[in-house]
Amino acid sequence: MTSMERVLSALKGTEADRRAFTMTLSLYGAKLTGCPLPEYYTSPERYLQGQIAVSEQCKPDILFAPFALSLEAQAFGSTITFLEKSPPNVRKLLIRNPGDIGLLKAPDVEKDDGLQYLLSSAKLLAGHFKQAVPICGVLTSPMDLPAIIMGVENWLEILLFDRKKALSVIDCMSGYFVSIANKMFESGVSFIAMAMVFTNPQILLQKTLAEFIVPALSEIFAKVKGPIVFHHGSVPIAGYLPLYQGLPNVAGFVLDHRDSFADARNRIGENRLLLGNLDGPTLGKYRTVTAVEKARNILETTKADRSCIFATSGGDVSWDTPLETITGIHDLLGSYGGNNAG
Amino acid sequence: MNAKEFQKSIYEAILQGEREQANVLLESYALSRSYRSAMSEVMEPVLEEIGIAWDKEDISLAQGYIAGKVAEDCLLKVNTEDKKGDVAQTAKGPIIIGNIEDDFHSLGRKLISIFLQSSGWRVIDIGNDVPAVEFVDKAVEADARVIGVSAMMYTTADNIKKVRLELDRRYLSGKIKLAVGGAVFKLRPELAKEVGGDGTVANGFLAPDLFTNLWAQSVCEVPL
């Protein structure tokens with residue numbers, strides 16, 4: 001089976017030759033190719049080279065377009081900084097207090113260099129891997145983008161205490177989001193993954209979510225011309241999956257490493273795609289044998305579940321993760337899925 | 001209603017996201033007493049309860065934030081009341097807090113500032129993106145015995161090591177204690193030692209106890 005066929009099998013809940021597997025190795029491609037990060041996150045060609053190395057050496061069934069959310073904040077006017085072993089980060093927020101909200105203006109996707117880098121990288125990846133390996137585009141949720149443009153505190157303040165302003169911010173975000181998401185699909189990505197933090201009852205009040213966040217997301221997602229994977233965004237989500245069940249175009253959910261697959265499956269029902277849940281950002285802390293054992297436990301837990309994909313949770317797999325940890329996890333997969341499924 | 005009943009109602013109002021309702025209740029309590037009493041007899045116990053619930057992940061970030069805003073609203077009224085009554089303010093401290101160089105995530109720091117002030121600390125908040133040298137300079141200038149440094153991410157938390165180095169370089173590590181905190185320390189508590197911190201807590205609601213302990217340690221090690 002090709003990786004695409006394997007992933008589609010998981011989506012449909014049908015038998016595959018083995019468990020589909022992916023790790024968030026967007027950053028890791030720079031390590032494998034020795035590419036300086038300021039170049040990696042500005043040159044689509046260098047990014048493609050990095051992901052070719054990831055594909056050859058790590059063999060994931062899903063590859064990622066650049067996971068560089070700060071580039072979106074930059075397009076809105078925030079300043080970013082390049083780091084030594086991590087994706088670029090927001091250095092200075094565009095908006096420092098809620099009174100400056102008038103500064104918020106959606107960028108022109110066609111004219112912004114950072115956004116064009118994201119789209120061009122996605123296009124190069126899709127062109128190179130054709131339909132054999134699905135490419136996952138990575139975008140910031142329209143509910144989370146304000147937090148990296150104006151800071152968590154300001155966004156929380158507006159969401160909690162100024163509904164009118166909140167709706168105007170969401171309106172600005174939704175127009176931008178639909179535009180870039182659809183351009184990303186035109187570039188050839190198979191689906192888009194989004195970390196959803198300001199959609200989680202551990203972050204916001206249930207009434208805020210029910211009254212206007214989830215309805216707004218529903219409207220926004222309906223305009224997106226492709227499948228969306230709902231990512232936990234570093235907050236457990238298993239307990240809240242029914243809240244998101246009715247959102248249009250959501251193909252699956254990435255669970256947090258603290259989530260239980262069994263709990264998630266009980267709540268979301270059969271045949272809904274679940275991905276996870278080995279923590280990627282802390283993977284480098286463990287010896288290879290320990291990391292592989294953690295992966296084995298997850299694979300054992302999900303052995304009988306055909307509608308799931310083994311994946312890392314959280315952000316990028318950390319720079320310091322040894323390659324043998326990743327290949328060691330990949331080597332486990334032959335024992336899971338296909339005739340080995342429960 | 002007695003103080004306990006006020007506490008319960010205000011706690012409920014916070015959980016429901018009703019900041020105004022919580023403020024009305026506090027005002028009602030303060031009417032026959034004072035806002036200072038409302039703070040110490042009602043709001044402080046509520047914050048303790050919120051801290052316990054936060055630790056168990058029973059409340060959301062929004063609910064914790066609203067608790068902080070209600071405490072801040074009450075503090076402002078305490079200050080106004082003190083000024084009107086010409087009450088001498090006896091604060092503990094001072095202490096210095098800020099976000100380390102390259103870190104711009106101020107939410108946690110601001111909440112901690114509110115909780116510390118609610119507990120009677122005089123807090124000097126020096127803002128975001130503060131270089132290590134500035135933390136130490138300000139502490140020396142204000143004669144502060146504790147510096148609280150916040151960082152949200154692993155990459156910025158690493159810069160806290162520079163504060164420890166600066167304290168060591170000036171032979172101040174006995175007198176000035178270093179409290180560290182932020183989201184990344186909740187995920188990786190062992191990081192506190194790695195960056196040279198003298199202590200951390202799982203959540204901001206526990207910050208007053210940490211600062212009290214560190215201040216006491218400082219006084220034991222360097223009495224004058």
# chains A, B, ... in the order shown; residues from 1 in each chain; ligands from 1
>>> interface_residues(of="chain B", to="chain A", cutoff="10 Å", atoms="only C-alpha atoms", output="NGL selection string")
:B and (15-19 or 54 or 57-66 or 69 or 102-108 or 110-111 or 129 or 154-155 or 187-188)
>>> write_last_selection(atoms="C-alpha atoms", output="CSV table (one decimal), in the first residue's frame")
chain,number,residue,atom,x,y,z
B,15,LEU,CA,-17.1,30.1,37.8
B,16,GLN,CA,-20.1,31.4,35.8
B,17,GLY,CA,-17.9,34.2,34.3
B,18,GLU,CA,-19.9,36.9,36.1
B,19,ARG,CA,-17.3,39.4,37.0
B,54,TRP,CA,-6.9,25.2,39.2
B,57,GLU,CA,-7.6,21.3,36.4
B,58,ASP,CA,-11.2,21.7,37.5
B,59,ILE,CA,-11.4,25.3,36.2
B,60,SER,CA,-10.6,26.9,32.9
B,61,LEU,CA,-8.0,29.6,32.2
B,62,ALA,CA,-10.9,32.0,31.7
B,63,GLN,CA,-12.2,31.3,35.1
B,64,GLY,CA,-8.8,31.8,36.7
B,65,TYR,CA,-8.4,35.0,34.7
B,66,ILE,CA,-11.8,36.3,35.9
B,69,LYS,CA,-9.7,40.5,37.5
B,102,ASP,CA,12.6,37.5,24.5
B,103,ASP,CA,9.4,36.5,26.4
B,104,PHE,CA,6.3,38.5,25.8
B,105,HIS,CA,3.6,36.3,27.4
B,106,SER,CA,2.5,38.6,30.2
B,107,LEU,CA,-0.8,36.9,31.3
B,108,GLY,CA,0.7,34.7,34.0
B,110,LYS,CA,0.1,39.9,35.6
B,111,LEU,CA,-2.1,37.4,37.5
B,129,ASP,CA,11.5,41.1,27.6
B,154,TYR,CA,11.3,26.3,26.8
B,155,THR,CA,13.3,28.5,24.4
B,187,LEU,CA,4.9,21.0,32.0
B,188,ARG,CA,8.5,20.4,33.1
>>> select_by_dssp(residues="range 4-224 of chain B", states="strand (DSSP E)", output="list in words")
Lys92, Gly93, Pro94, Ile95, Ile96, Ile97, Gly98, Asn99, Trp121, Arg122, Val123, Ile124, Asp125, Val146, Ile147, Gly148, Val149, Ser150, Lys177, Leu178, Ala179, Val180 and Gly181 of chain B
>>> write_last_selection(atoms="C-alpha atoms", output="short mmCIF file (atom, residue, chain, number, x, y, z; two decimals), in the first residue's frame")
data_model
loop_
_atom_site.label_atom_id
_atom_site.label_comp_id
_atom_site.auth_asym_id
_atom_site.auth_seq_id
_atom_site.Cartn_x
_atom_site.Cartn_y
_atom_site.Cartn_z
CA LYS B 92 5.64 42.98 52.53
CA GLY B 93 8.53 43.16 50.13
CA PRO B 94 9.25 44.72 47.76
CA ILE B 95 9.69 42.01 45.16
CA ILE B 96 10.58 42.27 41.50
CA ILE B 97 8.71 40.41 38.78
CA GLY B 98 9.04 40.35 35.00
CA ASN B 99 9.18 38.22 31.88
CA TRP B 121 3.22 42.16 48.84
CA ARG B 122 4.53 45.32 47.25
CA VAL B 123 5.22 44.22 43.69
CA ILE B 124 7.51 46.02 41.28
CA ASP B 125 6.53 44.74 37.84
CA VAL B 146 13.10 37.91 45.71
CA ILE B 147 13.02 38.18 41.94
CA GLY B 148 10.21 36.38 40.10
CA VAL B 149 10.97 35.56 36.48
CA SER B 150 8.35 34.29 34.09
CA LYS B 177 16.29 34.49 45.71
CA LEU B 178 15.08 33.54 42.27
CA ALA B 179 11.49 32.34 41.78
CA VAL B 180 10.68 31.02 38.32
CA GLY B 181 7.36 30.26 36.69
#
>>> residues_around(residues="Tyr35 in chain B", least_positions_apart="2", cutoff="12 Å", atoms="only C-alpha atoms", output="CSV table (one decimal) with C-alpha atoms, in the first residue's frame")
chain,number,residue,atom,x,y,z
B,23,ASN,CA,-18.0,42.8,42.2
B,24,VAL,CA,-21.5,43.6,43.4
B,25,LEU,CA,-21.2,41.0,46.1
B,26,LEU,CA,-17.8,42.3,47.3
B,27,GLU,CA,-19.2,45.8,47.3
B,28,SER,CA,-22.1,44.6,49.4
B,29,TYR,CA,-19.7,43.0,51.9
B,30,ALA,CA,-17.5,46.1,52.0
B,31,LEU,CA,-20.4,48.4,52.7
B,32,SER,CA,-20.7,47.5,56.3
B,33,ARG,CA,-17.0,46.8,56.8
B,37,SER,CA,-11.9,43.4,55.0
B,38,ALA,CA,-13.6,42.2,51.8
B,39,MET,CA,-10.1,41.4,50.4
B,40,SER,CA,-8.8,39.6,53.4
B,41,GLU,CA,-12.0,37.9,54.7
B,42,VAL,CA,-13.7,37.1,51.4
B,43,MET,CA,-11.5,37.4,48.3
B,44,GLU,CA,-8.3,35.8,49.6
B,71,ALA,CA,-9.2,40.5,42.8
B,72,GLU,CA,-7.7,43.3,40.9
B,73,ASP,CA,-11.0,45.3,40.9
B,74,CYS,CA,-11.1,44.8,44.7
B,75,LEU,CA,-7.5,45.8,45.2
B,76,LEU,CA,-8.1,49.1,43.3
B,77,LYS,CA,-10.9,49.8,45.8
B,78,VAL,CA,-8.7,48.9,48.7
B,79,ASN,CA,-6.1,51.4,47.5
B,80,THR,CA,-8.7,54.1,47.0
B,81,GLU,CA,-10.1,53.4,50.4
B,82,ASP,CA,-6.6,53.6,52.0
B,85,GLY,CA,-8.7,57.2,55.0
B,118,SER,CA,-3.8,40.5,47.3
>>> residues_around(residues="Ile10 in chain B", least_positions_apart="3", cutoff="8 Å", atoms="only C-alpha atoms", output="list of chain:residue names")
B:Phe6, B:Gln7, B:Ala13, B:Ile14, B:Gln21, B:Ala22, B:Leu25, B:Leu26, B:Val46
>>> closest_residue(among="A:Lys285, A:Lys123, A:Lys223, A:Arg258", to="Ala65 in chain A", atoms="only C-alpha atoms")
A:Lys123
>>> residues_around(residues="range 56-59 of chain A", least_positions_apart="6", cutoff="12 Å", atoms="only C-alpha atoms", output="ChimeraX atom specification")
/A:2-3,20-26,28-29,31-33,49-50,129,133,322-331,333
>>> residues_around(residues="range 47-49 of chain B", least_positions_apart="6", cutoff="9 Å", atoms="only C-alpha atoms", output="PyMOL selection string")
chain B and resi 11+64+67-68+71+115+205-206
>>> write_last_selection(atoms="C-alpha atoms", output="CSV table (one decimal), in the first residue's frame")
chain,number,residue,atom,x,y,z
B,11,TYR,CA,-16.7,31.7,43.9
B,64,GLY,CA,-8.8,31.8,36.7
B,67,ALA,CA,-10.8,35.5,39.5
B,68,GLY,CA,-7.7,37.6,38.9
B,71,ALA,CA,-9.2,40.5,42.8
B,115,PHE,CA,-2.3,37.4,43.7
B,205,PHE,CA,-2.3,31.1,43.2
B,206,LEU,CA,0.5,29.5,45.2
>>> select_by_dssp(residues="range 139-340 of chain A", states="alpha helix (DSSP H)", output="VMD selection string")
chain A and resid 145 to 150 152 to 161 163 to 187 206 to 208 214 to 222 241 to 244 261 to 268 288 to 301 323 to 332
>>> atom_distance(atom1="CA of Asn159 in chain B", atom2="CA of Asn128 in chain B")
12.9 Å
>>> atom_distance(atom1="CA of Ser78 in chain A", atom2="CA of Asp279 in chain A")
28.6 Å
>>> residues_around(residues="Pro281 in chain A", least_positions_apart="3", cutoff="10 Å", atoms="only C-alpha atoms", output="number ranges by chain")
A: 24, 278, 284-285, 312-321
>>> write_last_selection(atoms="N, CA and C atoms", output="mmCIF file, in the first residue's frame")
data_model
loop_
_atom_site.group_PDB
_atom_site.id
_atom_site.type_symbol
_atom_site.label_atom_id
_atom_site.label_comp_id
_atom_site.auth_asym_id
_atom_site.auth_seq_id
_atom_site.Cartn_x
_atom_site.Cartn_y
_atom_site.Cartn_z
ATOM 1 N N THR A 24 5.363 14.703 13.697
ATOM 2 C CA THR A 24 5.452 16.085 13.214
ATOM 3 C C THR A 24 6.933 16.420 13.033
ATOM 4 N N LEU A 278 1.746 10.258 21.078
ATOM 5 C CA LEU A 278 3.083 10.284 21.687
ATOM 6 C C LEU A 278 3.554 11.740 21.677
ATOM 7 N N GLY A 284 12.805 13.978 22.659
ATOM 8 C CA GLY A 284 14.267 13.972 22.748
ATOM 9 C C GLY A 284 14.784 13.766 24.167
ATOM 10 N N LYS A 285 13.923 13.891 25.147
ATOM 11 C CA LYS A 285 14.330 13.721 26.550
ATOM 12 C C LYS A 285 14.566 12.255 26.898
ATOM 13 N N THR A 312 2.518 11.802 16.505
ATOM 14 C CA THR A 312 2.973 12.534 17.680
ATOM 15 C C THR A 312 1.949 13.630 17.984
ATOM 16 N N SER A 313 1.862 13.975 19.257
ATOM 17 C CA SER A 313 0.987 15.051 19.702
ATOM 18 C C SER A 313 1.844 16.271 20.008
ATOM 19 N N GLY A 314 1.189 17.386 20.310
ATOM 20 C CA GLY A 314 1.936 18.607 20.611
ATOM 21 C C GLY A 314 2.517 19.211 19.338
ATOM 22 N N GLY A 315 3.585 19.974 19.500
ATOM 23 C CA GLY A 315 4.199 20.630 18.349
ATOM 24 C C GLY A 315 5.206 19.721 17.673
ATOM 25 N N ASP A 316 6.196 20.346 17.032
ATOM 26 C CA ASP A 316 7.226 19.583 16.331
ATOM 27 C C ASP A 316 7.946 18.604 17.250
ATOM 28 N N VAL A 317 8.341 17.467 16.668
ATOM 29 C CA VAL A 317 9.282 16.572 17.355
ATOM 30 C C VAL A 317 10.547 17.389 17.611
ATOM 31 N N SER A 318 11.058 17.295 18.839
ATOM 32 C CA SER A 318 12.157 18.205 19.197
ATOM 33 C C SER A 318 13.430 17.917 18.412
ATOM 34 N N TRP A 319 14.177 18.947 18.221
ATOM 35 C CA TRP A 319 15.426 18.925 17.459
ATOM 36 C C TRP A 319 16.373 17.863 18.000
ATOM 37 N N ASP A 320 16.398 17.707 19.327
ATOM 38 C CA ASP A 320 17.371 16.813 19.952
ATOM 39 C C ASP A 320 16.975 15.337 19.906
ATOM 40 N N THR A 321 15.845 15.036 19.303
ATOM 41 C CA THR A 321 15.422 13.634 19.238
ATOM 42 C C THR A 321 16.361 12.849 18.317
#
>>> decode(residues="range 64-113 of chain A", atoms="N, CA and C atoms", output="PDB file, in the first residue's frame")
ATOM      1  N   PHE A  64       4.516  17.023   6.405  1.00  0.00           N
ATOM      2  CA  PHE A  64       3.939  18.313   6.794  1.00  0.00           C
ATOM      3  C   PHE A  64       4.486  19.468   5.964  1.00  0.00           C
ATOM      4  N   ALA A  65       3.590  20.335   5.544  1.00  0.00           N
ATOM      5  CA  ALA A  65       4.004  21.650   5.041  1.00  0.00           C
ATOM      6  C   ALA A  65       4.577  22.398   6.246  1.00  0.00           C
ATOM      7  N   PRO A  66       5.270  23.522   6.064  1.00  0.00           N
ATOM      8  CA  PRO A  66       5.925  24.165   7.209  1.00  0.00           C
ATOM      9  C   PRO A  66       4.985  24.415   8.386  1.00  0.00           C
ATOM     10  N   PHE A  67       5.479  23.995   9.552  1.00  0.00           N
ATOM     11  CA  PHE A  67       4.749  24.241  10.803  1.00  0.00           C
ATOM     12  C   PHE A  67       5.404  25.489  11.408  1.00  0.00           C
ATOM     13  N   ALA A  68       4.952  26.617  10.939  1.00  0.00           N
ATOM     14  CA  ALA A  68       5.564  27.887  11.344  1.00  0.00           C
ATOM     15  C   ALA A  68       4.450  28.914  11.507  1.00  0.00           C
ATOM     16  N   LEU A  69       3.693  28.755  12.575  1.00  0.00           N
ATOM     17  CA  LEU A  69       2.494  29.571  12.777  1.00  0.00           C
ATOM     18  C   LEU A  69       2.828  31.054  12.927  1.00  0.00           C
ATOM     19  N   SER A  70       4.033  31.327  13.417  1.00  0.00           N
ATOM     20  CA  SER A  70       4.398  32.733  13.630  1.00  0.00           C
ATOM     21  C   SER A  70       4.446  33.503  12.305  1.00  0.00           C
ATOM     22  N   LEU A  71       4.613  32.775  11.176  1.00  0.00           N
ATOM     23  CA  LEU A  71       4.629  33.474   9.884  1.00  0.00           C
ATOM     24  C   LEU A  71       3.267  34.119   9.609  1.00  0.00           C
ATOM     25  N   GLU A  72       2.226  33.507  10.130  1.00  0.00           N
ATOM     26  CA  GLU A  72       0.896  34.105   9.957  1.00  0.00           C
ATOM     27  C   GLU A  72       0.763  35.363  10.810  1.00  0.00           C
ATOM     28  N   ALA A  73       1.295  35.283  12.032  1.00  0.00           N
ATOM     29  CA  ALA A  73       1.267  36.480  12.895  1.00  0.00           C
ATOM     30  C   ALA A  73       2.080  37.593  12.250  1.00  0.00           C
ATOM     31  N   GLN A  74       3.189  37.208  11.618  1.00  0.00           N
ATOM     32  CA  GLN A  74       4.036  38.192  10.934  1.00  0.00           C
ATOM     33  C   GLN A  74       3.269  38.868   9.796  1.00  0.00           C
ATOM     34  N   ALA A  75       2.474  38.079   9.087  1.00  0.00           N
ATOM     35  CA  ALA A  75       1.701  38.643   7.975  1.00  0.00           C
ATOM     36  C   ALA A  75       0.731  39.724   8.471  1.00  0.00           C
ATOM     37  N   PHE A  76       0.297  39.594   9.699  1.00  0.00           N
ATOM     38  CA  PHE A  76      -0.609  40.588  10.287  1.00  0.00           C
ATOM     39  C   PHE A  76       0.138  41.781  10.874  1.00  0.00           C
ATOM     40  N   GLY A  77       1.477  41.677  10.958  1.00  0.00           N
ATOM     41  CA  GLY A  77       2.236  42.820  11.465  1.00  0.00           C
ATOM     42  C   GLY A  77       3.041  42.553  12.723  1.00  0.00           C
ATOM     43  N   SER A  78       2.939  41.343  13.302  1.00  0.00           N
ATOM     44  CA  SER A  78       3.788  41.021  14.450  1.00  0.00           C
ATOM     45  C   SER A  78       5.213  40.789  13.937  1.00  0.00           C
ATOM     46  N   THR A  79       6.179  40.905  14.830  1.00  0.00           N
ATOM     47  CA  THR A  79       7.576  40.679  14.450  1.00  0.00           C
ATOM     48  C   THR A  79       7.984  39.289  14.920  1.00  0.00           C
ATOM     49  N   ILE A  80       8.752  38.587  14.089  1.00  0.00           N
ATOM     50  CA  ILE A  80       9.172  37.249  14.513  1.00  0.00           C
ATOM     51  C   ILE A  80      10.681  37.192  14.709  1.00  0.00           C
ATOM     52  N   THR A  81      11.109  36.135  15.385  1.00  0.00           N
ATOM     53  CA  THR A  81      12.544  35.929  15.561  1.00  0.00           C
ATOM     54  C   THR A  81      12.863  34.482  15.206  1.00  0.00           C
ATOM     55  N   PHE A  82      14.036  34.286  14.586  1.00  0.00           N
ATOM     56  CA  PHE A  82      14.458  32.928  14.257  1.00  0.00           C
ATOM     57  C   PHE A  82      15.271  32.367  15.409  1.00  0.00           C
ATOM     58  N   LEU A  83      15.039  31.122  15.725  1.00  0.00           N
ATOM     59  CA  LEU A  83      15.704  30.480  16.864  1.00  0.00           C
ATOM     60  C   LEU A  83      16.627  29.378  16.343  1.00  0.00           C
ATOM     61  N   GLU A  84      17.489  28.925  17.248  1.00  0.00           N
ATOM     62  CA  GLU A  84      18.533  27.985  16.823  1.00  0.00           C
ATOM     63  C   GLU A  84      18.003  26.588  16.529  1.00  0.00           C
ATOM     64  N   LYS A  85      17.094  26.121  17.393  1.00  0.00           N
ATOM     65  CA  LYS A  85      16.638  24.732  17.252  1.00  0.00           C
ATOM     66  C   LYS A  85      15.118  24.606  17.293  1.00  0.00           C
ATOM     67  N   SER A  86      14.429  25.698  17.046  1.00  0.00           N
ATOM     68  CA  SER A  86      12.959  25.685  17.080  1.00  0.00           C
ATOM     69  C   SER A  86      12.435  26.511  15.912  1.00  0.00           C
ATOM     70  N   PRO A  87      11.183  26.313  15.566  1.00  0.00           N
ATOM     71  CA  PRO A  87      10.603  27.157  14.510  1.00  0.00           C
ATOM     72  C   PRO A  87      10.599  28.622  14.949  1.00  0.00           C
ATOM     73  N   PRO A  88      10.458  29.540  13.994  1.00  0.00           N
ATOM     74  CA  PRO A  88      10.445  30.956  14.382  1.00  0.00           C
ATOM     75  C   PRO A  88       9.315  31.253  15.366  1.00  0.00           C
ATOM     76  N   ASN A  89       9.554  32.256  16.174  1.00  0.00           N
ATOM     77  CA  ASN A  89       8.593  32.583  17.228  1.00  0.00           C
ATOM     78  C   ASN A  89       8.229  34.065  17.112  1.00  0.00           C
ATOM     79  N   VAL A  90       7.062  34.415  17.645  1.00  0.00           N
ATOM     80  CA  VAL A  90       6.682  35.830  17.645  1.00  0.00           C
ATOM     81  C   VAL A  90       7.549  36.573  18.657  1.00  0.00           C
ATOM     82  N   ARG A  91       8.156  37.653  18.221  1.00  0.00           N
ATOM     83  CA  ARG A  91       9.000  38.436  19.125  1.00  0.00           C
ATOM     84  C   ARG A  91       8.233  39.651  19.666  1.00  0.00           C
ATOM     85  N   LYS A  92       7.603  40.365  18.759  1.00  0.00           N
ATOM     86  CA  LYS A  92       6.819  41.529  19.211  1.00  0.00           C
ATOM     87  C   LYS A  92       5.415  41.445  18.625  1.00  0.00           C
ATOM     88  N   LEU A  93       4.461  41.588  19.497  1.00  0.00           N
ATOM     89  CA  LEU A  93       3.070  41.511  19.063  1.00  0.00           C
ATOM     90  C   LEU A  93       2.688  42.780  18.320  1.00  0.00           C
ATOM     91  N   LEU A  94       1.795  42.648  17.341  1.00  0.00           N
ATOM     92  CA  LEU A  94       1.315  43.833  16.632  1.00  0.00           C
ATOM     93  C   LEU A  94       0.513  44.727  17.575  1.00  0.00           C
ATOM     94  N   ILE A  95      -0.361  44.085  18.362  1.00  0.00           N
ATOM     95  CA  ILE A  95      -1.272  44.866  19.208  1.00  0.00           C
ATOM     96  C   ILE A  95      -0.905  44.644  20.675  1.00  0.00           C
ATOM     97  N   ARG A  96      -0.653  45.724  21.392  1.00  0.00           N
ATOM     98  CA  ARG A  96      -0.235  45.604  22.781  1.00  0.00           C
ATOM     99  C   ARG A  96      -1.383  45.789  23.763  1.00  0.00           C
ATOM    100  N   ASN A  97      -2.430  46.489  23.349  1.00  0.00           N
ATOM    101  CA  ASN A  97      -3.598  46.591  24.237  1.00  0.00           C
ATOM    102  C   ASN A  97      -4.879  46.623  23.402  1.00  0.00           C
ATOM    103  N   PRO A  98      -5.981  46.191  24.015  1.00  0.00           N
ATOM    104  CA  PRO A  98      -7.225  46.042  23.257  1.00  0.00           C
ATOM    105  C   PRO A  98      -7.672  47.328  22.549  1.00  0.00           C
ATOM    106  N   GLY A  99      -7.224  48.473  23.052  1.00  0.00           N
ATOM    107  CA  GLY A  99      -7.606  49.736  22.432  1.00  0.00           C
ATOM    108  C   GLY A  99      -7.016  49.915  21.031  1.00  0.00           C
ATOM    109  N   ASP A 100      -5.940  49.152  20.744  1.00  0.00           N
ATOM    110  CA  ASP A 100      -5.280  49.291  19.428  1.00  0.00           C
ATOM    111  C   ASP A 100      -5.843  48.345  18.381  1.00  0.00           C
ATOM    112  N   ILE A 101      -7.018  47.834  18.635  1.00  0.00           N
ATOM    113  CA  ILE A 101      -7.583  46.801  17.771  1.00  0.00           C
ATOM    114  C   ILE A 101      -7.785  47.307  16.337  1.00  0.00           C
ATOM    115  N   GLY A 102      -7.879  48.628  16.195  1.00  0.00           N
ATOM    116  CA  GLY A 102      -8.033  49.213  14.865  1.00  0.00           C
ATOM    117  C   GLY A 102      -6.860  48.896  13.949  1.00  0.00           C
ATOM    118  N   LEU A 103      -5.720  48.499  14.524  1.00  0.00           N
ATOM    119  CA  LEU A 103      -4.541  48.164  13.714  1.00  0.00           C
ATOM    120  C   LEU A 103      -4.712  46.830  12.979  1.00  0.00           C
ATOM    121  N   LEU A 104      -5.708  46.070  13.413  1.00  0.00           N
ATOM    122  CA  LEU A 104      -5.883  44.725  12.867  1.00  0.00           C
ATOM    123  C   LEU A 104      -6.457  44.772  11.455  1.00  0.00           C
ATOM    124  N   LYS A 105      -5.675  44.238  10.521  1.00  0.00           N
ATOM    125  CA  LYS A 105      -6.130  44.225   9.133  1.00  0.00           C
ATOM    126  C   LYS A 105      -5.640  42.928   8.495  1.00  0.00           C
ATOM    127  N   ALA A 106      -6.534  42.229   7.821  1.00  0.00           N
ATOM    128  CA  ALA A 106      -6.138  40.947   7.220  1.00  0.00           C
ATOM    129  C   ALA A 106      -5.112  41.179   6.123  1.00  0.00           C
ATOM    130  N   PRO A 107      -4.071  40.359   6.060  1.00  0.00           N
ATOM    131  CA  PRO A 107      -3.045  40.539   5.029  1.00  0.00           C
ATOM    132  C   PRO A 107      -3.523  40.041   3.669  1.00  0.00           C
ATOM    133  N   ASP A 108      -2.878  40.530   2.648  1.00  0.00           N
ATOM    134  CA  ASP A 108      -3.130  40.013   1.300  1.00  0.00           C
ATOM    135  C   ASP A 108      -2.272  38.766   1.122  1.00  0.00           C
ATOM    136  N   VAL A 109      -2.927  37.630   1.059  1.00  0.00           N
ATOM    137  CA  VAL A 109      -2.212  36.348   1.005  1.00  0.00           C
ATOM    138  C   VAL A 109      -1.254  36.300  -0.183  1.00  0.00           C
ATOM    139  N   GLU A 110      -1.651  36.933  -1.289  1.00  0.00           N
ATOM    140  CA  GLU A 110      -0.829  36.891  -2.508  1.00  0.00           C
ATOM    141  C   GLU A 110       0.447  37.714  -2.375  1.00  0.00           C
ATOM    142  N   LYS A 111       0.430  38.676  -1.468  1.00  0.00           N
ATOM    143  CA  LYS A 111       1.562  39.613  -1.432  1.00  0.00           C
ATOM    144  C   LYS A 111       2.514  39.398  -0.255  1.00  0.00           C
ATOM    145  N   ASP A 112       2.106  38.628   0.723  1.00  0.00           N
ATOM    146  CA  ASP A 112       2.950  38.473   1.911  1.00  0.00           C
ATOM    147  C   ASP A 112       3.994  37.369   1.681  1.00  0.00           C
ATOM    148  N   ASP A 113       5.259  37.682   1.914  1.00  0.00           N
ATOM    149  CA  ASP A 113       6.343  36.726   1.646  1.00  0.00           C
ATOM    150  C   ASP A 113       6.226  35.459   2.492  1.00  0.00           C
TER     151      ASP A 113
END
